[in-house]
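Asks: Structure supplied as start18.pdb; contents: PDB, C-alpha atoms.
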```pdb
ATOM      1  CA  MET A1026       2.316  30.061   3.164  1.00  0.00           C
ATOM      2  CA  TYR A1027       2.420  26.265   2.997  1.00  0.00           C
ATOM      3  CA  ALA A1028       5.703  26.107   4.898  1.00  0.00           C
ATOM      4  CA  GLY A1029       4.265  28.159   7.735  1.00  0.00           C
ATOM      5  CA  LEU A1030       1.080  26.096   7.792  1.00  0.00           C
ATOM      6  CA  SER A1031       2.934  22.775   7.862  1.00  0.00           C
ATOM      7  CA  SER A1032       5.229  23.936  10.681  1.00  0.00           C
ATOM      8  CA  LEU A1033       2.182  25.153  12.611  1.00  0.00           C
ATOM      9  CA  LEU A1034       0.511  21.748  12.196  1.00  0.00           C
ATOM     10  CA  LEU A1035       3.647  19.989  13.424  1.00  0.00           C
ATOM     11  CA  LEU A1036       3.698  22.155  16.547  1.00  0.00           C
ATOM     12  CA  ALA A1037       0.003  21.561  17.209  1.00  0.00           C
ATOM     13  CA  GLN A1038       0.232  17.759  17.139  1.00  0.00           C
ATOM     14  CA  GLU A1039       0.752  16.059  20.460  1.00  0.00           C
ATOM     15  CA  VAL A1040       3.130  13.108  20.521  1.00  0.00           C
ATOM     16  CA  PRO A1041       2.047  10.288  22.839  1.00  0.00           C
ATOM     17  CA  GLU A1042       4.423   8.772  25.358  1.00  0.00           C
ATOM     18  CA  ASP A1043       6.058   5.436  24.533  1.00  0.00           C
ATOM     19  CA  ASN A1044       4.117   3.626  27.269  1.00  0.00           C
ATOM     20  CA  ASP A1045       0.787   4.979  25.969  1.00  0.00           C
ATOM     21  CA  VAL A1046       1.130   3.321  22.538  1.00  0.00           C
ATOM     22  CA  VAL A1047      -0.112  -0.277  22.665  1.00  0.00           C
ATOM     23  CA  ALA A1048      -1.812  -2.524  20.141  1.00  0.00           C
ATOM     24  CA  GLY A1049      -4.286  -3.927  22.644  1.00  0.00           C
ATOM     25  CA  TRP A1050      -6.800  -6.662  22.062  1.00  0.00           C
ATOM     26  CA  MET A1051      -7.747  -5.411  18.616  1.00  0.00           C
ATOM     27  CA  GLY A1052      -4.158  -5.705  17.418  1.00  0.00           C
ATOM     28  CA  PHE A1053      -3.916  -9.192  18.914  1.00  0.00           C
ATOM     29  CA  THR A1054      -7.135 -10.200  17.157  1.00  0.00           C
ATOM     30  CA  VAL A1055      -5.895  -8.891  13.816  1.00  0.00           C
ATOM     31  CA  PHE A1056      -2.588 -10.727  14.272  1.00  0.00           C
ATOM     32  CA  ILE A1057      -4.330 -14.031  15.045  1.00  0.00           C
ATOM     33  CA  GLY A1058      -6.659 -13.470  12.067  1.00  0.00           C
ATOM     34  CA  LEU A1059      -3.679 -12.994   9.774  1.00  0.00           C
ATOM     35  CA  ILE A1060      -2.085 -16.198  11.066  1.00  0.00           C
ATOM     36  CA  ILE A1061      -5.309 -18.106  10.363  1.00  0.00           C
ATOM     37  CA  ALA A1062      -5.580 -16.572   6.878  1.00  0.00           C
ATOM     38  CA  VAL A1063      -2.016 -17.588   5.978  1.00  0.00           C
ATOM     39  CA  ALA A1064      -2.627 -21.115   7.298  1.00  0.00           C
ATOM     40  CA  LEU A1065      -5.805 -21.455   5.205  1.00  0.00           C
ATOM     41  CA  LEU A1066      -4.051 -20.163   2.101  1.00  0.00           C
ATOM     42  CA  GLY A1067      -1.221 -22.659   2.613  1.00  0.00           C
ATOM     43  CA  TRP A1068      -3.690 -25.497   3.070  1.00  0.00           C
ATOM     44  CA  SER A1069      -5.572 -24.507  -0.090  1.00  0.00           C
ATOM     45  CA  LEU A1070      -2.336 -24.196  -2.076  1.00  0.00           C
ATOM     46  CA  THR A1071      -1.263 -27.681  -0.989  1.00  0.00           C
ATOM     47  CA  ARG A1072      -4.629 -29.155  -2.037  1.00  0.00           C
ATOM     48  CA  HIS A1073      -4.520 -27.493  -5.458  1.00  0.00           C
ATOM     49  CA  LEU A1074      -0.925 -28.540  -6.092  1.00  0.00           C
ATOM     50  CA  ARG A1075      -1.813 -32.148  -5.225  1.00  0.00           C
ATOM     51  CA  LYS A1076      -4.751 -32.025  -7.643  1.00  0.00           C
ATOM     52  CA  ALA A1077      -2.506 -30.620 -10.388  1.00  0.00           C
ATOM     53  CA  ASP A1078       0.102 -33.349  -9.787  1.00  0.00           C
ATOM     54  CA  ARG A1079      -2.584 -36.030  -9.866  1.00  0.00           C
ATOM     55  CA  ALA A1080      -3.988 -34.625 -13.120  1.00  0.00           C
ATOM     56  CA  ALA A1081      -0.494 -34.525 -14.651  1.00  0.00           C
ATOM     57  CA  GLU A1082       0.089 -38.169 -13.709  1.00  0.00           C
ATOM     58  CA  GLU A1083      -3.229 -39.121 -15.319  1.00  0.00           C
ATOM     59  CA  GLY A1084      -2.159 -37.390 -18.532  1.00  0.00           C
ATOM     60  CA  ALA A1085      -4.481 -34.404 -18.401  1.00  0.00           C
ATOM     61  CA  PHE A1086      -1.611 -32.160 -19.454  1.00  0.00           C
ATOM     62  CA  ASP A1087       0.005 -33.217 -22.710  1.00  0.00           C
ATOM     63  CA  PRO A1088       3.386 -31.503 -23.050  1.00  0.00           C
ATOM     64  CA  SER A1089       3.752 -32.501 -26.715  1.00  0.00           C
ATOM     65  CA  GLU A1090       0.716 -30.480 -27.798  1.00  0.00           C
ATOM     66  CA  PRO A1091       0.352 -27.253 -25.827  1.00  0.00           C
ATOM     67  CA  LYS A1092      -3.201 -25.949 -25.916  1.00  0.00           C
ATOM     68  CA  ARG A1093      -3.601 -22.544 -27.488  1.00  0.00           C
ATOM     69  CA  ARG A1094      -5.644 -19.908 -25.814  1.00  0.00           C
ATOM     70  CA  PRO A1095      -8.212 -18.148 -27.994  1.00  0.00           C
ATOM     71  CA  GLY A1096      -6.758 -14.908 -29.230  1.00  0.00           C
ATOM     72  CA  ALA A1097      -3.147 -15.884 -28.497  1.00  0.00           C
ATOM     73  CA  ARG A1098      -0.605 -14.887 -31.111  1.00  0.00           C
ATOM     74  CA  ASP A1099       2.720 -16.467 -32.028  1.00  0.00           C
ATOM     75  CA  LEU A1100       5.872 -14.632 -31.015  1.00  0.00           C
TER      76      LEU A1100
END
```
Represent the supplied structure as structure tokens.

Replies:
Amino acid sequence: MYAGLSSLLLLAQEVPEDNDVVAGWMGFTVFIGLIIAVALLGWSLTRHLRKADRAAEEGAFDPSEPKRRPGARDL
């Protein structure tokens, strides 16, 4: 029954022509939005990495005594 139903659905679907399928302005807007989002994420990552480097130079991270997280267990 399912095989007959799935083949019937495949026959009922209309396939658009190649020239009829376009992204349009909405696709362009989404693409530009994604470019802006990636640029903002890169900018934020650069800022946070600079802050971490500055904190490491000031001695905020002491490699000789690693801080333990509460609830962490030794392996």

Asks: For atom CA of Gly1052 of chain A and atom CA of Gly1067 of chain A, quote the distance in Å rounded to one decimal.

Replies: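 Calculated distance between atom CA of Gly1052 of chain A and atom CA of Gly1067 of chain A is 22.7 Å.
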
Asks: In Å to one decimal, how far is atom CA of Leu1066 of chain A from atom CA of Gly1084 of chain A?

Replies: 26.9 Å

Asks: Please compute the atom CA of Thr1054 of chain A-atom CA of Ser1069 of chain A distance, one decimal, in Å.

Replies: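 Atom-to-atom, atom CA of Thr1054 of chain A to atom CA of Ser1069 of chain A, that is 22.5 Å.
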